[in-house]
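model.cif follows; it contains mmCIF, C-alpha atoms.
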```cif
data_final
#
loop_
_atom_site.label_atom_id
_atom_site.label_comp_id
_atom_site.auth_asym_id
_atom_site.auth_seq_id
_atom_site.Cartn_x
_atom_site.Cartn_y
_atom_site.Cartn_z
CA MET A 91 4.92 -41.08 8.06
CA LEU A 92 4.07 -38.41 5.48
CA ILE A 93 0.37 -39.30 5.63
CA ARG A 94 0.38 -39.11 9.43
CA THR A 95 2.15 -35.73 9.29
CA ALA A 96 -0.36 -34.35 6.77
CA ARG A 97 -3.23 -35.46 8.96
CA THR A 98 -1.62 -33.85 12.00
CA ILE A 99 -1.22 -30.57 10.16
CA ALA A 100 -4.81 -30.59 8.93
CA TYR A 101 -6.07 -31.38 12.45
CA TRP A 102 -4.26 -28.53 14.16
CA VAL A 103 -5.07 -25.97 11.46
CA THR A 104 -8.79 -26.72 11.79
CA ARG A 105 -8.55 -26.57 15.57
CA VAL A 106 -7.36 -22.95 15.55
CA SER A 107 -10.07 -20.33 15.12
CA THR A 108 -8.36 -17.16 13.97
CA CYS A 109 -6.71 -16.55 10.62
CA SER A 110 -3.46 -15.28 12.18
CA CYS A 111 -3.11 -18.33 14.41
CA ARG A 112 -3.89 -20.69 11.53
CA LEU A 113 -1.10 -19.07 9.52
CA LEU A 114 1.37 -19.47 12.37
CA VAL A 115 0.42 -23.07 13.15
CA LEU A 116 0.51 -24.09 9.48
CA SER A 117 3.91 -22.48 8.98
CA LEU A 118 5.43 -24.13 12.04
CA LEU A 119 3.99 -27.58 11.38
CA LEU A 120 5.06 -27.57 7.75
CA LEU A 121 8.57 -26.61 8.84
CA LEU A 122 8.66 -29.49 11.33
CA ALA A 123 7.32 -31.87 8.69
CA THR A 124 10.09 -31.02 6.22
CA PRO A 125 13.39 -32.93 6.36
CA LEU A 126 16.17 -30.75 7.75
CA ALA A 127 18.25 -30.98 4.59
CA ALA A 128 15.33 -29.67 2.52
CA GLN A 129 14.48 -26.72 4.76
CA GLU A 130 15.26 -23.33 3.20
CA VAL A 131 13.92 -19.98 4.36
CA VAL A 132 12.82 -18.04 1.27
CA ASP A 133 10.47 -15.60 2.99
CA LYS A 134 9.04 -14.85 6.40
CA MET A 135 5.83 -13.51 7.85
CA VAL A 136 6.31 -10.01 9.26
CA ALA A 137 2.85 -8.95 10.43
CA THR A 138 -0.87 -9.60 10.25
CA VAL A 139 -3.59 -6.99 9.87
CA ASN A 140 -7.02 -7.82 11.32
CA ALA A 141 -6.34 -11.52 10.82
CA GLY A 142 -8.45 -12.47 13.81
CA ALA A 143 -11.25 -10.01 13.11
CA LEU A 144 -12.02 -11.02 9.51
CA THR A 145 -13.45 -14.41 8.57
CA ASP A 146 -12.07 -14.29 5.02
CA CYS A 147 -9.16 -11.90 4.84
CA GLY A 148 -7.25 -13.46 1.98
CA GLN A 149 -3.89 -11.86 1.25
CA THR A 150 -4.83 -8.53 2.79
CA CYS A 151 -4.27 -9.92 6.31
CA LEU A 152 -0.70 -11.12 5.91
CA ILE A 153 2.42 -9.00 5.33
CA THR A 154 5.62 -10.81 4.40
CA TYR A 155 9.22 -9.69 4.10
CA SER A 156 8.85 -9.92 0.31
CA ASP A 157 5.97 -7.43 0.46
CA LEU A 158 8.30 -4.91 2.07
CA VAL A 159 11.17 -5.49 -0.37
CA TRP A 160 8.79 -5.25 -3.32
CA GLN A 161 7.50 -1.95 -1.95
CA LEU A 162 11.07 -0.62 -1.79
CA ALA A 163 11.82 -1.86 -5.31
CA LEU A 164 8.92 0.19 -6.69
CA GLN A 165 10.30 3.38 -5.12
CA PRO A 166 12.93 5.03 -7.37
CA ASP A 167 16.37 5.68 -5.85
CA THR A 168 15.64 3.48 -2.81
CA PRO A 169 18.58 1.12 -2.03
CA LEU A 170 17.82 -2.59 -2.36
CA ASP A 171 21.11 -4.07 -1.13
CA GLN A 172 20.70 -4.92 2.56
CA PRO A 173 17.82 -2.48 3.19
CA SER A 174 18.05 -0.67 6.50
CA SER A 175 15.65 -1.24 9.36
CA ALA A 176 14.36 2.31 8.89
CA ASP A 177 13.54 1.68 5.22
CA LEU A 178 11.87 -1.64 6.01
CA ASN A 179 9.77 -0.13 8.79
CA ARG A 180 8.68 2.73 6.55
CA ALA A 181 7.65 0.14 3.97
CA LEU A 182 5.84 -1.84 6.68
CA HIS A 183 3.93 1.26 7.76
CA LEU A 184 2.93 1.99 4.17
CA VAL A 185 1.91 -1.59 3.37
CA THR A 186 -0.10 -1.78 6.62
CA ASP A 187 -2.01 1.35 5.63
CA GLN A 188 -2.62 -0.10 2.17
CA ARG A 189 -4.01 -3.30 3.69
CA LEU A 190 -6.34 -1.35 5.98
CA ILE A 191 -7.75 0.55 3.00
CA LEU A 192 -7.97 -2.59 0.85
CA GLN A 193 -9.99 -4.38 3.49
CA GLU A 194 -12.55 -1.60 3.21
CA ALA A 195 -12.27 -1.35 -0.57
CA GLU A 196 -13.07 -5.04 -1.01
CA LYS A 197 -16.59 -4.26 0.17
CA LEU A 198 -17.08 -2.38 -3.11
CA PRO A 199 -16.66 -4.89 -5.97
CA SER A 200 -17.61 -2.28 -8.55
CA ILE A 201 -14.20 -0.59 -8.20
CA ALA A 202 -12.29 -3.46 -9.80
CA PRO A 203 -9.57 -2.11 -12.13
CA THR A 204 -10.11 -2.26 -15.88
CA PRO A 205 -7.40 -3.56 -18.25
CA GLU A 206 -6.91 0.01 -19.53
CA GLU A 207 -6.38 1.33 -16.01
CA LEU A 208 -3.87 -1.40 -15.27
CA THR A 209 -1.91 -0.68 -18.46
CA ARG A 210 -1.86 3.04 -17.65
CA ALA A 211 -0.64 2.35 -14.11
CA GLN A 212 2.18 0.18 -15.44
CA LEU A 213 3.32 2.93 -17.82
CA GLU A 214 3.19 5.62 -15.14
CA LEU A 215 5.18 3.50 -12.71
CA SER A 216 7.81 2.64 -15.31
CA ARG A 217 8.25 6.33 -16.21
CA ALA A 218 9.15 7.13 -12.60
CA PHE A 219 12.49 5.36 -13.14
CA ALA A 220 15.48 6.50 -15.16
CA SER A 221 14.78 3.94 -17.89
CA PRO A 222 12.62 0.88 -18.58
CA ALA A 223 15.78 -1.22 -18.26
CA GLU A 224 16.45 0.05 -14.74
CA PHE A 225 12.84 -0.61 -13.80
CA GLN A 226 13.00 -4.21 -15.04
CA GLN A 227 16.35 -4.73 -13.35
CA ARG A 228 14.94 -3.71 -9.96
CA LEU A 229 12.00 -6.06 -10.40
CA GLN A 230 14.30 -8.97 -11.24
CA ARG A 231 16.60 -8.28 -8.28
CA VAL A 232 13.77 -8.78 -5.79
CA GLY A 233 11.98 -11.56 -7.65
CA LEU A 234 8.96 -9.42 -8.49
CA THR A 235 7.24 -11.24 -11.34
CA ALA A 236 4.93 -9.64 -13.89
CA GLU A 237 1.99 -11.45 -12.33
CA LYS A 238 2.80 -10.17 -8.83
CA LEU A 239 3.42 -6.65 -10.16
CA ASN A 240 -0.02 -6.66 -11.76
CA GLU A 241 -1.51 -7.76 -8.46
CA ILE A 242 0.19 -4.88 -6.61
CA LEU A 243 -0.94 -2.36 -9.23
CA GLU A 244 -4.49 -3.70 -9.09
CA GLN A 245 -4.46 -3.15 -5.34
CA ARG A 246 -3.17 0.40 -5.76
CA ILE A 247 -5.91 1.19 -8.26
CA ARG A 248 -8.53 -0.21 -5.89
CA ILE A 249 -7.14 1.99 -3.13
CA GLU A 250 -7.26 5.08 -5.34
CA LYS A 251 -10.81 4.34 -6.47
CA TYR A 252 -11.96 3.71 -2.92
CA LEU A 253 -10.49 6.98 -1.67
CA ASP A 254 -12.10 8.82 -4.57
CA PHE A 255 -15.44 7.19 -3.78
CA ARG A 256 -15.20 7.89 -0.07
CA PHE A 257 -13.64 11.36 -0.04
CA ARG A 258 -13.22 13.10 -3.41
CA ASN A 259 -16.91 13.02 -4.31
CA PHE A 260 -17.77 14.83 -1.10
CA VAL A 261 -15.11 17.55 -1.12
CA VAL A 262 -16.53 21.04 -1.34
CA ILE A 263 -14.23 24.03 -1.91
CA THR A 264 -15.87 27.39 -1.29
CA GLN A 265 -15.09 30.60 -3.16
CA GLN A 266 -13.97 32.13 0.12
CA GLU A 267 -11.41 29.35 0.61
CA ILE A 268 -10.07 29.93 -2.90
CA ALA A 269 -9.83 33.69 -2.37
CA SER A 270 -8.12 33.29 1.00
CA TYR A 271 -5.60 30.80 -0.38
CA TYR A 272 -4.87 33.10 -3.32
CA LYS A 273 -4.21 36.07 -1.01
CA ASP A 274 -2.41 34.33 1.86
CA VAL A 275 -0.51 31.54 0.10
CA TYR A 276 -0.53 31.59 -3.68
CA VAL A 277 0.58 35.20 -4.29
CA PRO A 278 3.22 35.39 -1.50
CA ARG A 279 4.70 32.04 -2.52
CA LEU A 280 4.92 33.00 -6.20
CA ARG A 281 6.54 36.37 -5.41
CA ALA A 282 9.09 34.66 -3.15
CA ARG A 283 10.00 32.08 -5.78
CA ALA A 284 10.02 34.37 -8.80
CA PRO A 285 10.41 38.06 -7.91
CA GLY A 286 9.31 40.33 -10.72
CA GLN A 287 7.17 37.68 -12.42
CA ILE A 288 3.65 38.74 -13.35
CA VAL A 289 1.24 37.25 -10.83
CA PRO A 290 -1.81 35.56 -12.40
CA THR A 291 -5.15 37.00 -11.40
CA LEU A 292 -7.45 35.16 -9.01
CA GLU A 293 -9.63 34.08 -11.92
CA GLU A 294 -6.62 32.76 -13.85
CA ALA A 295 -5.37 30.81 -10.84
CA ARG A 296 -8.77 29.59 -9.66
CA ASP A 297 -8.66 26.09 -11.20
CA ALA A 298 -5.14 25.37 -9.97
CA ILE A 299 -5.98 26.59 -6.46
CA GLU A 300 -9.19 24.56 -6.33
CA LYS A 301 -7.26 21.43 -7.34
CA THR A 302 -4.61 22.09 -4.68
CA LEU A 303 -7.22 22.61 -1.96
CA THR A 304 -9.15 19.52 -3.07
CA GLU A 305 -6.08 17.28 -2.89
CA SER A 306 -5.17 18.78 0.49
CA LYS A 307 -8.60 17.99 1.92
CA ILE A 308 -8.52 14.44 0.54
CA GLU A 309 -5.09 13.90 2.10
CA SER A 310 -6.33 15.26 5.43
CA ASP A 311 -9.48 13.11 5.35
CA THR A 312 -7.44 10.04 4.40
CA ASP A 313 -5.02 10.63 7.28
CA ALA A 314 -7.93 10.93 9.70
CA PHE A 315 -9.48 7.75 8.30
CA LEU A 316 -6.21 5.83 8.68
CA ASP A 317 -5.67 7.13 12.22
CA THR A 318 -9.08 5.75 13.20
CA ALA A 319 -8.50 2.50 11.29
CA ARG A 320 -5.16 1.92 13.03
CA GLU A 321 -6.71 2.50 16.45
CA ARG A 322 -9.39 -0.11 15.74
CA ALA A 323 -7.17 -2.57 13.88
CA GLU A 324 -5.59 -5.73 15.21
CA ILE A 325 -2.03 -5.37 13.96
CA VAL A 326 0.33 -8.11 15.13
CA ILE A 327 4.07 -7.91 14.50
CA LEU A 328 5.34 -11.47 13.99
CA SER A 329 8.93 -10.66 13.04
CA PRO A 330 10.41 -7.18 13.72
CA VAL A 331 12.34 -5.66 10.85
#
```
Starting from the coordinates I provided, produce the structure as structure tokens.
Amino acid sequence: MLIRTARTIAYWVTRVSTCSCRLLVLSLLLLLATPLAAQEVVDKMVATVNAGALTDCGQTCLITYSDLVWQLALQPDTPLDQPSSADLNRALHLVTDQRLILQEAEKLPSIAPTPEELTRAQLELSRAFASPAEFQQRLQRVGLTAEKLNEILEQRIRIEKYLDFRFRNFVVITQQEIASYYKDVYVPRLRARAPGQIVPTLEEARDAIEKTLTESKIESDTDAFLDTARERAEIVILSPV
């Protein structure tokens, strides 16, 4: 019986052409093949991203409920007990965007994270929480292992490197933009926040303003890129949250 079931599963998985359908068929057939007493739902598929459009999408195509809970666990001060639908959908939106960028980033193998970058990312993430103990406690509560955490951080580093490669290297901030920002935004904002404080000169504030404008342009370009990617993407919601 078990051999016949295994052959049936293999047959139907190979008969389905798209990655998303293969995932669904495999999940359903394995569930049917498992004795009722042994069936236990430990996770569920929530969505797929370009599963039918990519021939080898790996883990970047599938989003599970655990992916969403792990995303919430890595956000300080976000409740983990019975997360609300709003929190889960915000996490789903964020993870979907991450997958869209990762699918592009995987075309650039040279941006693989180094061990030093991974260590630095771990330290920075841990420092965002009240204490290392709290950080570890949140990881344990959602079953986020060290191996899976490293995988998530590696993905985040790839995303950051890809965005730098695609956008940061091409950002140009003109002197006129810096001068206009200094006059129209920087000085009025500083005077409103700290009346009587000596206002730095344009030259003294130039580096800070250029950094602010650069990050603003990268954010704007990234938003435009994601808007286009979402319009072209095949995003299928398998289980609403």
Query raised in the report: atom CA of Asp171 of chain A and atom CA of Ile249 of chain A, how far apart in Å?
Result: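 It comes out at 29.0 Å.
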Query raised in the report: Mind pulling up the distance from atom CA of Phe315 of chain A to atom CA of Thr302 of chain A?
Result: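 Spanning atom CA of Thr302 of chain A to atom CA of Phe315 of chain A is a straight-line distance of 19.9 Å.
Evaluated against this file, the PyMOL selection byres ((chain A and resi 267) around 12) yields Val262, Ile263, Thr264, Gln265, Gln266, Ile268, Ala269, Ser270, Tyr271, Tyr272, Lys273, Asp274, Val275, Tyr276, Leu292, Arg296, Ile299, Glu300, Lys301, Thr302, Leu303, Thr304 and Lys307 of chain A.
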Report task. Take the PyMOL selection byres ((chain A and resi 201) around 10), apply it to the structure above, and return the hits as a list in words. Result -> Ala195, Glu196, Lys197, Leu198, Pro199, Ser200, Ala202, Pro203, Thr204, Ile247, Arg248, Ile249, Glu250, Lys251, Tyr252 and Phe255 of chain A
Query raised in the report: What separation in Å, quoted to one decimal, exists between atom CA of Asn179 of chain A and atom CA of Lys238 of chain A?
Result: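 Taking atom CA of Asn179 of chain A as the start and atom CA of Lys238 of chain A as the end point, the length is 21.4 Å.
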Requested in this report: Run the PyMOL selection byres ((chain A and resi 177) around 12) against the file shown and list the residues it catches, as a list in words.
Outcome: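 After applying the PyMOL selection byres ((chain A and resi 177) around 12), what remains is Leu158, Val159, Trp160, Gln161, Leu162, Ala163, Gln165, Thr168, Pro169, Leu170, Asp171, Gln172, Pro173, Ser174, Ser175, Ala176, Leu178, Asn179, Arg180, Ala181, Leu182, His183, Leu184 and Val331 of chain A.
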